[in-house]
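Shown here: final_7.csv, CSV, C-alpha atoms.
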```csv
chain,number,residue,atom,x,y,z
A,221,MET,CA,-34.1,103.3,-147.5
A,222,THR,CA,-34.0,101.7,-144.2
A,223,GLN,CA,-31.2,102.6,-141.9
A,224,PRO,CA,-29.3,99.9,-140.1
A,225,PRO,CA,-29.8,99.6,-136.3
A,226,PRO,CA,-27.3,101.5,-134.3
A,227,ILE,CA,-24.5,99.6,-132.8
A,228,PRO,CA,-24.4,99.8,-129.0
A,229,PRO,CA,-21.4,101.5,-127.6
A,230,GLU,CA,-18.7,99.3,-126.2
A,231,TYR,CA,-17.9,99.8,-122.6
A,232,PRO,CA,-14.3,99.9,-121.7
A,233,GLU,CA,-12.7,97.0,-119.9
A,234,PRO,CA,-12.2,97.5,-116.2
A,235,THR,CA,-8.6,98.0,-115.4
A,236,GLY,CA,-7.1,97.0,-112.2
A,237,GLY,CA,-8.5,94.8,-109.5
A,238,PRO,CA,-8.7,91.0,-109.5
A,239,ALA,CA,-11.1,89.4,-111.9
A,240,HIS,CA,-14.0,87.4,-110.4
A,241,PRO,CA,-13.0,83.7,-110.3
A,242,GLY,CA,-16.1,82.7,-112.1
A,243,ALA,CA,-15.9,85.3,-114.9
A,244,ALA,CA,-15.0,84.1,-118.4
A,245,GLN,CA,-11.7,85.2,-119.7
A,246,VAL,CA,-12.0,87.5,-122.7
A,247,PRO,CA,-9.1,87.6,-125.0
A,248,GLN,CA,-7.3,91.0,-125.1
A,249,ASP,CA,-6.6,90.9,-128.8
A,250,ARG,CA,-10.2,90.9,-130.1
A,251,PRO,CA,-10.8,93.4,-132.9
A,252,SER,CA,-12.2,96.7,-131.9
A,253,VAL,CA,-13.9,97.1,-135.2
A,254,PRO,CA,-17.6,96.7,-135.3
A,255,GLY,CA,-18.8,93.4,-136.5
A,256,PRO,CA,-21.6,90.9,-135.9
A,257,ARG,CA,-22.7,90.4,-132.3
A,258,GLN,CA,-21.2,87.3,-130.7
A,259,PRO,CA,-23.5,84.8,-129.1
A,260,HIS,CA,-23.6,84.8,-125.3
A,261,ILE,CA,-21.6,82.0,-123.7
A,262,PRO,CA,-22.6,81.1,-120.2
A,263,PRO,CA,-19.7,81.0,-117.7
A,264,GLN,CA,-18.3,77.6,-116.8
A,265,ALA,CA,-18.2,76.5,-113.2
A,266,PRO,CA,-14.7,76.3,-111.9
A,267,PRO,CA,-13.4,72.8,-111.2
A,268,TYR,CA,-13.3,71.6,-107.5
A,269,PRO,CA,-10.0,72.1,-105.8
A,270,GLN,CA,-7.9,68.9,-105.8
A,271,PRO,CA,-6.7,67.6,-102.4
A,272,PRO,CA,-3.0,68.2,-101.7
A,273,GLN,CA,-0.7,65.4,-102.8
A,274,TYR,CA,1.2,64.1,-99.8
A,275,PRO,CA,4.5,62.5,-100.4
A,276,THR,CA,4.2,58.8,-100.6
A,277,ALA,CA,5.9,56.7,-97.9
A,278,ALA,CA,8.9,54.8,-98.7
A,279,ALA,CA,8.2,51.3,-100.0
A,280,GLN,CA,10.9,49.7,-97.9
A,281,PRO,CA,11.9,50.6,-94.4
A,282,PRO,CA,15.3,52.1,-94.0
A,283,PRO,CA,18.0,49.5,-93.6
A,284,TYR,CA,19.4,48.7,-90.2
A,285,PRO,CA,22.7,50.4,-89.3
A,286,THR,CA,25.8,48.5,-90.1
A,287,GLY,CA,26.4,45.8,-87.5
A,288,PRO,CA,25.2,42.3,-86.6
A,289,GLN,CA,21.8,41.7,-88.1
A,290,PRO,CA,19.0,40.3,-85.9
A,291,PRO,CA,18.1,36.6,-86.5
A,292,GLN,CA,15.2,36.0,-88.9
A,293,TYR,CA,12.4,33.9,-87.4
A,294,PRO,CA,9.9,32.1,-89.5
A,295,SER,CA,6.6,33.9,-89.7
A,296,ALA,CA,3.7,32.5,-87.8
A,297,PRO,CA,0.6,31.5,-89.6
A,298,ARG,CA,-2.2,34.0,-89.8
A,299,PHE,CA,-4.6,31.8,-87.9
A,300,GLN,CA,-3.9,29.5,-85.0
A,301,PRO,CA,-6.6,27.5,-83.4
A,302,PRO,CA,-7.1,28.4,-79.7
A,303,TYR,CA,-7.2,24.8,-78.6
A,304,PRO,CA,-5.2,21.8,-79.8
A,305,ASP,CA,-6.9,19.3,-82.0
A,306,PRO,CA,-8.4,16.6,-79.7
A,307,GLN,CA,-7.9,13.9,-82.3
A,308,ALA,CA,-4.3,14.8,-82.9
A,309,ALA,CA,-3.0,14.1,-79.3
A,310,ALA,CA,-5.9,12.4,-77.6
A,311,VAL,CA,-5.0,10.6,-74.4
A,312,PRO,CA,-7.3,7.7,-73.6
A,313,PRO,CA,-8.9,8.2,-70.2
A,314,HIS,CA,-8.4,5.8,-67.3
A,315,PRO,CA,-10.9,2.9,-67.4
A,316,HIS,CA,-11.9,3.9,-63.9
A,317,HIS,CA,-12.4,7.6,-64.7
A,318,ILE,CA,-15.8,9.0,-64.0
A,319,ASP,CA,-17.5,12.1,-65.2
A,320,THR,CA,-18.0,14.5,-62.3
A,321,ALA,CA,-19.9,17.2,-64.3
A,322,HIS,CA,-22.4,19.3,-62.4
A,323,ARG,CA,-25.8,17.8,-62.3
A,324,GLY,CA,-28.8,20.1,-62.8
A,325,ARG,CA,-31.0,18.6,-60.1
A,326,VAL,CA,-30.0,16.1,-57.4
A,327,HIS,CA,-32.5,13.9,-55.7
A,328,VAL,CA,-32.1,14.0,-51.9
A,329,SER,CA,-33.5,11.1,-50.0
A,330,SER,CA,-35.8,11.8,-47.1
A,331,ARG,CA,-33.9,9.3,-44.9
A,332,GLN,CA,-30.3,10.4,-44.7
A,333,ARG,CA,-29.0,7.8,-42.3
A,334,HIS,CA,-30.2,4.9,-40.2
A,335,THR,CA,-29.0,2.3,-37.7
A,336,ASP,CA,-28.5,-1.0,-39.3
A,337,ALA,CA,-28.0,-4.4,-37.6
A,338,THR,CA,-24.3,-4.0,-37.3
A,339,ALA,CA,-24.5,-0.6,-35.6
A,340,PHE,CA,-27.2,-1.9,-33.2
A,341,GLY,CA,-25.1,-5.0,-32.5
A,342,SER,CA,-22.0,-2.8,-31.7
A,343,LEU,CA,-24.0,-0.9,-29.2
A,344,LEU,CA,-25.2,-4.1,-27.5
A,345,LEU,CA,-21.7,-5.5,-27.4
A,346,HIS,CA,-20.4,-2.4,-25.8
A,347,LEU,CA,-22.9,-2.6,-23.0
A,348,PRO,CA,-20.7,-4.7,-20.6
A,349,ASN,CA,-17.9,-2.3,-21.2
A,350,PHE,CA,-20.3,0.5,-20.4
A,351,LEU,CA,-21.3,-1.1,-17.1
A,352,CYS,CA,-17.7,-1.6,-16.1
A,353,SER,CA,-17.0,2.0,-16.9
A,354,LEU,CA,-20.0,3.0,-14.8
A,355,VAL,CA,-18.5,1.1,-11.8
A,356,VAL,CA,-15.2,2.8,-12.3
A,357,VAL,CA,-16.7,6.2,-12.5
A,358,GLY,CA,-18.8,5.5,-9.5
A,359,LEU,CA,-15.7,4.5,-7.5
A,360,VAL,CA,-14.0,7.7,-8.6
A,361,SER,CA,-17.0,9.8,-7.7
A,362,LEU,CA,-16.7,8.7,-4.1
A,363,ILE,CA,-13.7,11.0,-3.9
A,364,PHE,CA,-15.9,14.1,-4.5
A,365,GLY,CA,-18.3,13.3,-1.7
A,366,ASP,CA,-21.7,15.0,-2.2
A,367,LEU,CA,-20.7,16.0,-5.8
A,368,GLY,CA,-20.2,12.4,-6.8
A,369,LEU,CA,-23.7,12.2,-8.4
A,370,LEU,CA,-22.9,15.2,-10.5
A,371,VAL,CA,-19.7,13.5,-11.7
A,372,ILE,CA,-21.7,10.4,-12.8
A,373,LEU,CA,-24.3,12.5,-14.6
A,374,ALA,CA,-21.7,14.6,-16.3
A,375,TRP,CA,-20.0,11.5,-17.6
A,376,LEU,CA,-23.3,10.1,-18.9
A,377,ALA,CA,-24.1,13.4,-20.7
A,378,SER,CA,-20.6,13.5,-22.2
A,379,GLY,CA,-21.7,11.1,-24.9
A,380,ALA,CA,-23.5,13.9,-26.7
A,381,LEU,CA,-20.1,15.5,-27.5
A,382,VAL,CA,-19.7,12.8,-30.1
A,383,PHE,CA,-22.0,14.8,-32.3
A,384,HIS,CA,-20.6,18.2,-31.4
A,385,ARG,CA,-18.8,19.7,-34.4
A,386,PRO,CA,-15.9,21.4,-32.5
A,387,THR,CA,-15.4,18.2,-30.5
A,388,GLU,CA,-15.4,16.2,-33.7
A,389,SER,CA,-12.8,18.5,-35.2
A,390,ALA,CA,-10.6,18.2,-32.1
A,391,LEU,CA,-10.8,14.4,-32.2
A,392,ALA,CA,-10.0,14.3,-35.9
A,393,ARG,CA,-7.0,16.7,-35.5
A,394,HIS,CA,-5.4,15.3,-32.4
A,395,LEU,CA,-6.4,11.6,-32.3
A,396,LEU,CA,-6.7,10.7,-36.0
A,397,ARG,CA,-4.0,13.1,-37.2
A,398,LEU,CA,-6.2,14.6,-39.9
A,399,ARG,CA,-6.0,18.1,-41.3
A,400,TYR,CA,-8.1,20.4,-43.5
A,401,PRO,CA,-7.4,19.9,-47.3
A,402,THR,CA,-5.6,22.6,-49.2
A,403,PRO,CA,-7.4,24.5,-52.0
A,404,GLN,CA,-5.9,22.2,-54.6
A,405,GLU,CA,-6.9,19.1,-52.7
A,406,ARG,CA,-10.3,20.5,-52.1
A,407,ALA,CA,-10.7,21.1,-55.9
A,408,THR,CA,-10.0,17.4,-56.4
A,409,LEU,CA,-12.2,16.1,-53.5
A,410,GLU,CA,-15.3,18.1,-53.8
A,411,PRO,CA,-16.4,17.1,-57.4
A,412,VAL,CA,-15.9,13.5,-56.5
A,413,TRP,CA,-17.8,13.9,-53.2
A,414,ARG,CA,-20.7,15.6,-55.0
A,415,GLU,CA,-20.9,12.7,-57.4
A,416,VAL,CA,-20.9,10.1,-54.6
A,417,THR,CA,-23.5,11.9,-52.5
A,418,ALA,CA,-25.7,12.6,-55.6
A,419,ARG,CA,-25.8,8.9,-56.4
A,420,ALA,CA,-26.7,8.1,-52.8
A,421,GLY,CA,-29.3,10.9,-52.4
A,422,VAL,CA,-27.4,12.3,-49.4
A,423,GLU,CA,-26.8,15.9,-48.6
A,424,GLY,CA,-23.0,16.2,-49.0
A,425,ARG,CA,-22.7,19.5,-47.2
A,426,ALA,CA,-23.6,17.8,-43.9
A,427,TYR,CA,-20.1,16.1,-43.9
A,428,GLU,CA,-16.6,17.5,-43.7
A,429,LEU,CA,-13.7,16.3,-45.8
A,430,TRP,CA,-10.3,15.9,-44.2
A,431,VAL,CA,-6.9,14.6,-45.3
A,432,GLU,CA,-4.3,12.5,-43.6
A,433,ASP,CA,-0.6,12.8,-44.6
A,434,SER,CA,0.2,9.1,-45.2
A,435,ASP,CA,1.8,7.0,-47.9
A,436,SER,CA,-0.7,4.2,-47.4
A,437,LEU,CA,-4.0,3.7,-49.1
A,438,ASN,CA,-6.6,4.3,-46.5
A,439,ALA,CA,-9.7,6.3,-45.5
A,440,VAL,CA,-11.7,6.8,-42.3
A,441,ALA,CA,-15.3,7.7,-41.3
A,442,ALA,CA,-15.0,9.4,-37.9
A,443,ALA,CA,-17.5,10.7,-35.4
A,444,GLY,CA,-20.7,11.8,-37.1
A,445,HIS,CA,-19.7,14.0,-39.9
A,446,ILE,CA,-16.1,13.4,-40.9
A,447,VAL,CA,-14.8,11.6,-44.0
A,448,GLY,CA,-11.0,11.5,-44.2
A,449,VAL,CA,-8.7,10.1,-46.9
A,450,THR,CA,-5.0,9.7,-47.1
A,451,SER,CA,-2.8,11.9,-49.3
A,452,PHE,CA,-1.8,8.7,-51.2
A,453,ALA,CA,-5.4,7.9,-52.1
A,454,LEU,CA,-6.0,11.5,-53.1
A,455,ASN,CA,-3.0,11.9,-55.4
A,456,ARG,CA,-2.4,8.3,-56.7
A,457,LEU,CA,-5.9,7.0,-57.4
A,458,PRO,CA,-8.1,7.8,-60.4
A,459,ASN,CA,-11.2,9.8,-59.5
A,460,GLY,CA,-13.4,6.7,-59.9
A,461,GLU,CA,-11.4,4.7,-57.4
A,462,LEU,CA,-11.3,7.7,-55.1
A,463,ALA,CA,-15.0,7.9,-55.4
A,464,ALA,CA,-15.3,4.2,-54.4
A,465,VAL,CA,-13.2,4.8,-51.3
A,466,MET,CA,-15.4,7.8,-50.3
A,467,ALA,CA,-18.6,5.9,-51.1
A,468,HIS,CA,-17.4,3.1,-48.7
A,469,GLU,CA,-16.9,5.6,-45.9
A,470,LEU,CA,-20.2,7.2,-46.7
A,471,GLY,CA,-21.7,3.7,-46.2
A,472,HIS,CA,-20.3,3.7,-42.6
A,473,HIS,CA,-22.0,7.0,-41.9
A,474,VAL,CA,-25.3,6.1,-43.6
A,475,GLY,CA,-25.5,2.8,-41.7
A,476,GLY,CA,-24.6,4.4,-38.3
A,477,HIS,CA,-21.4,2.5,-37.9
A,478,ALA,CA,-19.2,5.5,-37.3
A,479,TRP,CA,-21.2,7.1,-34.5
A,480,SER,CA,-22.2,3.9,-32.8
A,481,GLY,CA,-18.6,2.7,-32.7
A,482,LEU,CA,-17.3,6.0,-31.4
A,483,LEU,CA,-20.0,6.2,-28.8
A,484,GLY,CA,-19.3,2.7,-27.5
A,485,HIS,CA,-15.6,3.4,-27.4
A,486,TRP,CA,-16.2,6.6,-25.5
A,487,TYR,CA,-18.3,5.0,-22.8
A,488,ALA,CA,-15.8,2.1,-22.5
A,489,LEU,CA,-12.8,4.4,-22.0
A,490,PRO,CA,-12.9,4.5,-18.2
A,491,GLY,CA,-13.1,0.7,-18.0
A,492,ARG,CA,-10.2,0.4,-20.5
A,493,ILE,CA,-8.1,2.9,-18.4
A,494,ALA,CA,-8.8,0.9,-15.2
A,495,TRP,CA,-7.9,-2.3,-17.0
A,496,ARG,CA,-4.6,-1.0,-18.1
A,497,LEU,CA,-3.8,0.3,-14.6
A,498,LEU,CA,-4.7,-3.1,-13.2
A,499,ARG,CA,-2.5,-4.9,-15.7
A,500,ALA,CA,0.4,-2.6,-14.8
A,501,VAL,CA,0.0,-3.1,-11.1
A,502,THR,CA,-0.3,-6.8,-11.5
A,503,GLY,CA,2.8,-7.0,-13.7
A,504,PHE,CA,4.8,-5.0,-11.1
A,505,LEU,CA,3.6,-7.3,-8.3
A,506,PHE,CA,4.5,-10.4,-10.3
A,507,HIS,CA,8.1,-9.1,-10.9
A,508,VAL,CA,8.3,-8.4,-7.1
A,509,SER,CA,7.1,-11.9,-6.2
A,510,ARG,CA,9.7,-13.5,-8.5
A,511,ALA,CA,12.4,-12.1,-6.1
A,512,PHE,CA,11.0,-14.4,-3.4
A,513,SER,CA,11.5,-17.5,-5.6
A,514,CYS,CA,8.7,-20.0,-6.2
A,515,ILE,CA,7.0,-19.4,-2.9
A,516,GLY,CA,6.4,-15.7,-3.7
A,517,VAL,CA,5.1,-16.5,-7.2
A,518,ALA,CA,2.7,-19.1,-5.7
A,519,PHE,CA,1.5,-16.6,-3.1
A,520,PHE,CA,0.9,-14.0,-5.8
A,521,GLY,CA,-1.0,-16.5,-7.9
A,522,LEU,CA,-3.3,-17.4,-5.0
A,523,CYS,CA,-4.0,-13.8,-4.2
A,524,ALA,CA,-4.7,-12.8,-7.7
A,525,GLY,CA,-6.9,-15.9,-8.3
A,526,GLY,CA,-8.9,-15.3,-5.2
A,527,ILE,CA,-9.6,-11.6,-6.1
A,528,ALA,CA,-10.6,-12.7,-9.6
A,529,LEU,CA,-13.0,-15.4,-8.4
A,530,ALA,CA,-14.6,-13.1,-5.9
A,531,THR,CA,-15.1,-10.5,-8.6
A,532,ILE,CA,-16.7,-13.0,-11.0
A,533,SER,CA,-19.0,-14.4,-8.3
A,534,THR,CA,-20.0,-10.9,-7.1
A,535,LEU,CA,-20.8,-9.6,-10.6
A,536,TYR,CA,-22.6,-12.8,-11.7
A,537,GLY,CA,-19.9,-13.8,-14.3
A,538,LEU,CA,-19.9,-10.4,-16.1
A,539,PRO,CA,-16.1,-10.2,-16.2
A,540,LEU,CA,-16.0,-13.4,-18.2
A,541,LEU,CA,-18.0,-11.7,-20.9
A,542,LEU,CA,-15.2,-9.1,-21.2
A,543,LEU,CA,-12.8,-11.8,-22.2
A,544,GLY,CA,-14.7,-12.7,-25.3
A,545,MET,CA,-15.9,-9.1,-26.1
A,546,PRO,CA,-12.9,-8.2,-28.4
A,547,TYR,CA,-13.6,-11.2,-30.6
A,548,ALA,CA,-17.3,-10.3,-30.9
A,549,LEU,CA,-16.6,-6.7,-31.6
A,550,ALA,CA,-14.1,-7.6,-34.3
A,551,ALA,CA,-16.7,-9.9,-35.9
A,552,VAL,CA,-19.3,-7.0,-36.0
A,553,GLY,CA,-16.6,-4.7,-37.4
A,554,ARG,CA,-15.9,-7.1,-40.3
A,555,ARG,CA,-19.7,-7.3,-41.0
A,556,SER,CA,-19.9,-3.5,-41.1
A,557,GLU,CA,-17.0,-3.4,-43.6
A,558,LEU,CA,-18.9,-5.8,-45.9
A,559,ARG,CA,-22.0,-3.6,-45.6
A,560,ALA,CA,-20.0,-0.5,-46.5
A,561,ASP,CA,-18.6,-2.3,-49.5
A,562,ARG,CA,-22.1,-3.3,-50.6
A,563,HIS,CA,-23.2,0.4,-50.2
A,564,ALA,CA,-20.4,1.5,-52.5
A,565,ALA,CA,-21.1,-1.2,-55.0
A,566,ALA,CA,-24.8,-0.4,-55.2
A,567,LEU,CA,-23.9,3.1,-56.2
A,568,GLY,CA,-22.0,1.8,-59.3
A,569,PHE,CA,-18.5,1.7,-57.9
A,570,ALA,CA,-18.0,-2.1,-57.7
A,571,PRO,CA,-15.2,-2.3,-60.4
A,572,MET,CA,-13.4,0.6,-58.8
A,573,LEU,CA,-13.7,-0.8,-55.4
A,574,ALA,CA,-12.4,-4.2,-56.6
A,575,ALA,CA,-9.3,-2.4,-58.0
A,576,VAL,CA,-8.8,-0.6,-54.7
A,577,LEU,CA,-9.0,-3.9,-52.8
A,578,GLU,CA,-6.4,-5.3,-55.2
A,579,LYS,CA,-4.0,-2.4,-54.4
A,580,LEU,CA,-4.6,-2.8,-50.7
A,581,HIS,CA,-3.8,-6.5,-51.0
A,582,GLN,CA,-0.6,-5.7,-52.9
A,583,GLN,CA,0.5,-3.2,-50.2
A,584,GLU,CA,-0.2,-5.7,-47.5
A,585,GLN,CA,1.9,-8.3,-49.3
A,586,ALA,CA,4.7,-5.9,-49.8
A,587,ARG,CA,4.7,-4.9,-46.2
A,588,LEU,CA,4.9,-8.5,-45.1
A,589,ALA,CA,7.7,-9.2,-47.5
A,590,ALA,CA,9.6,-6.1,-46.3
A,591,ALA,CA,9.2,-7.3,-42.7
A,592,GLY,CA,10.6,-10.7,-43.7
A,593,GLN,CA,13.6,-9.2,-45.5
A,594,GLY,CA,14.4,-6.9,-42.5
A,595,GLY,CA,16.1,-9.8,-40.6
A,596,GLY,CA,13.1,-11.2,-38.8
A,597,ALA,CA,10.9,-14.1,-39.6
A,598,ARG,CA,8.2,-13.5,-42.2
A,599,MET,CA,5.0,-12.6,-40.4
A,600,LYS,CA,2.2,-15.2,-40.6
A,601,GLU,CA,-1.4,-14.5,-39.9
A,602,THR,CA,-2.6,-16.8,-37.1
A,603,ALA,CA,-6.1,-17.8,-36.3
A,604,ALA,CA,-6.3,-15.5,-33.3
A,605,SER,CA,-5.1,-12.5,-35.4
A,606,ARG,CA,-7.8,-13.3,-38.0
A,607,LEU,CA,-10.5,-13.4,-35.3
A,608,LEU,CA,-9.3,-10.1,-33.8
A,609,SER,CA,-9.1,-8.3,-37.2
A,610,SER,CA,-11.7,-5.6,-37.7
A,611,HIS,CA,-11.5,-5.9,-41.6
A,612,PRO,CA,-12.2,-9.0,-43.7
A,613,ASP,CA,-9.4,-10.4,-45.8
A,614,TYR,CA,-9.1,-9.5,-49.5
A,615,HIS,CA,-10.6,-12.7,-50.9
A,616,THR,CA,-13.7,-12.5,-48.6
A,617,ARG,CA,-14.4,-8.9,-49.6
A,618,LEU,CA,-13.9,-9.7,-53.3
A,619,HIS,CA,-16.2,-12.7,-53.0
A,620,HIS,CA,-19.1,-10.5,-51.7
A,621,LEU,CA,-18.6,-8.1,-54.6
A,622,GLN,CA,-19.0,-10.7,-57.3
A,623,GLU,CA,-22.8,-10.2,-57.7
A,624,TYR,CA,-22.1,-6.5,-58.6
A,625,LEU,CA,-19.1,-7.3,-60.9
A,626,GLN,CA,-21.0,-9.7,-63.1
A,627,PRO,CA,-22.4,-8.1,-66.3
A,628,ALA,CA,-26.2,-7.6,-66.4
A,629,ARG,CA,-28.1,-10.1,-68.4
```

Will you turn the file into structure tokens for me?
Amino acid sequence: MTQPPPIPPEYPEPTGGPAHPGAAQVPQDRPSVPGPRQPHIPPQAPPYPQPPQYPTAAAQPPPYPTGPQPPQYPSAPRFQPPYPDPQAAAVPPHPHHIDTAHRGRVHVSSRQRHTDATAFGSLLLHLPNFLCSLVVVGLVSLIFGDLGLLVILAWLASGALVFHRPTESALARHLLRLRYPTPQERATLEPVWREVTARAGVEGRAYELWVEDSDSLNAVAAAGHIVGVTSFALNRLPNGELAAVMAHELGHHVGGHAWSGLLGHWYALPGRIAWRLLRAVTGFLFHVSRAFSCIGVAFFGLCAGGIALATISTLYGLPLLLLGMPYALAAVGRRSELRADRHAAALGFAPMLAAVLEKLHQQEQARLAAAGQGGGARMKETAASRLLSSHPDYHTRLHHLQEYLQPAR
């Protein structure tokens, strides 16, 4: 008879000490009687520890303390465009507004300036004034004795100062009452000037921009490198009309009108000073002669006439040319203005220049009307005043612009 297998002894449960966290928990009330062997159950892995539960924030902020409540403003939209809609509040540009955006590459002409017929004619017409000034300087040089020749040579060489930049600046500041533009004014002038010089193929940095504090519409091309505009033209004109004004002044520089006129005026200055002194002395002697009644006046007339006749015969009639010189110089000046207008119109500024001429005409009419309302008679332009004017009238200038104002066929 087969004996049953022996039952293994049961080991006592360990008492005391903490149980391993991964050991299976055995119930304490299992029977101690022998019985069938229980199947081995593998230990279960402990669950992962759960993160600590933080207290949830309050859904609503605590109420404000008792008191006046702050005003409730409407909430702004989540997205606001950085720029306003151009179609919503579009302002139509001025018809004479031009685009002064930076050009990539500018063509610069190899011939920056020349001497046209009006500049050459101005130099020729100033020749009698130059000779008279040379006589005056020669007479003054006699005071210095042996150094008189150096005085004459220094005066002849002084014409080079017309192209000297510091001398130009001094003339612009003290004679023409110009000043350097402010940063805001320069920010307005320089883009327009770059556009004008780019169209003309001229190096714009060779010139200096100045401003005159004036309420009239005007501009000036001075010396060899100065372009000046009034504060009225800078602040009141659209940039296209301002470009037309500056293109006109650039035409004076390109054609040689500015430096030839200034050079002729410089060498004529000693003769002009002598003429003014002669007129002052003659006027004083005439008033003295009136004190001796008609006999004194007649004697003064005979003396003055004899001196004038002797001077004319000695200088081969050259003084007679001086009498008609202002009219001839005024005619050349009017021609130079028309050439400068043509230069601006050829650059594409003809409509803008016509608008500027219209404004100049209106200012002139308003000035004449104000002079008539001031108590005096209304000023009328005479034939002599028209002949001595250095600028053509409005209708003449507009007539010469018609070929540029007509639409292209």

Which residues of range 316-387 of chain A come within 10 Å of range 442-447 of chain A, and for each one, what is the closest pair of atoms and their distance in Å to one decimal, counting all atoms listed in the file, sorted by chain and residue number, as CSV?
```
residue,atom,partner,partner_atom,distance
A:Leu381,CA,A:Ala443,CA,9.6
A:Val382,CA,A:Ala443,CA,6.1
A:Phe383,CA,A:Gly444,CA,5.8
A:His384,CA,A:Gly444,CA,8.6
A:Arg385,CA,A:His445,CA,8.0
A:Thr387,CA,A:Ala443,CA,9.2
```

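Atom to atom, CA of Met572 in chain A and CA of Arg554 in chain A stand 20.2 Å apart.
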
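Between Gln583 in chain A and the candidates A:Leu437, A:Arg406, A:Ile318, A:Gly379, the tightest atom-to-atom separation, counting all atoms listed in the file, involves A:Leu437.
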
For His472 in chain A: contacts at 7 Å, all atoms listed in the file, fewer than 6 positions along chain excluded, given as a PyMOL selection string: chain A and resi 441+478+560

Separation of CA of Glu432 in chain A from CA of Leu396 in chain A in Å: 8.2 Å

What's around Ser342 in chain A at 9 Å? Count all atoms listed in the file, leave out sequence neighbours fewer than 3 positions away in its own chain, and write the answer as a CSV table (one decimal) with C-alpha atoms, in the coordinates of the input.
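Final output, saved to part-v3.csv:
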```
chain,number,residue,atom,x,y,z
A,337,ALA,CA,-28.0,-4.4,-37.6
A,338,THR,CA,-24.3,-4.0,-37.3
A,339,ALA,CA,-24.5,-0.6,-35.6
A,345,LEU,CA,-21.7,-5.5,-27.4
A,346,HIS,CA,-20.4,-2.4,-25.8
A,347,LEU,CA,-22.9,-2.6,-23.0
A,477,HIS,CA,-21.4,2.5,-37.9
A,480,SER,CA,-22.2,3.9,-32.8
A,481,GLY,CA,-18.6,2.7,-32.7
A,484,GLY,CA,-19.3,2.7,-27.5
A,548,ALA,CA,-17.3,-10.3,-30.9
A,549,LEU,CA,-16.6,-6.7,-31.6
A,552,VAL,CA,-19.3,-7.0,-36.0
A,553,GLY,CA,-16.6,-4.7,-37.4
```

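Counting all atoms listed in the file and comparing A:Leu558, A:Gly475, A:Ile493, A:Gly448, the residue that lies closest to Arg331 in chain A is A:Gly475.
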
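You will find CA of Val356 in chain A at 12.7 Å from CA of Arg496 in chain A.
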
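Comparing A:Met466, A:Leu398, A:Val416, A:Leu343 by their smallest distance to Gly568 in chain A, the closest is A:Val416 (using only C-alpha atoms).
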
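Among the candidates A:Leu409, A:Ala374, A:Ile515, A:Val328, the one nearest to Glu423 in chain A when counting all atoms listed in the file is A:Val328.
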
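The nearest approach to Leu462 in chain A among the residues A:Glu415, A:Glu623, A:Asp435, A:Glu428, with all atoms listed in the file taken into account, belongs to A:Glu415.
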
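Of the residues under consideration (A:Thr616, A:Ser361, A:Ser509, A:Ser389), A:Thr616 shows the shortest atom-to-atom contact distance to Ala574 in chain A when counting all atoms listed in the file.
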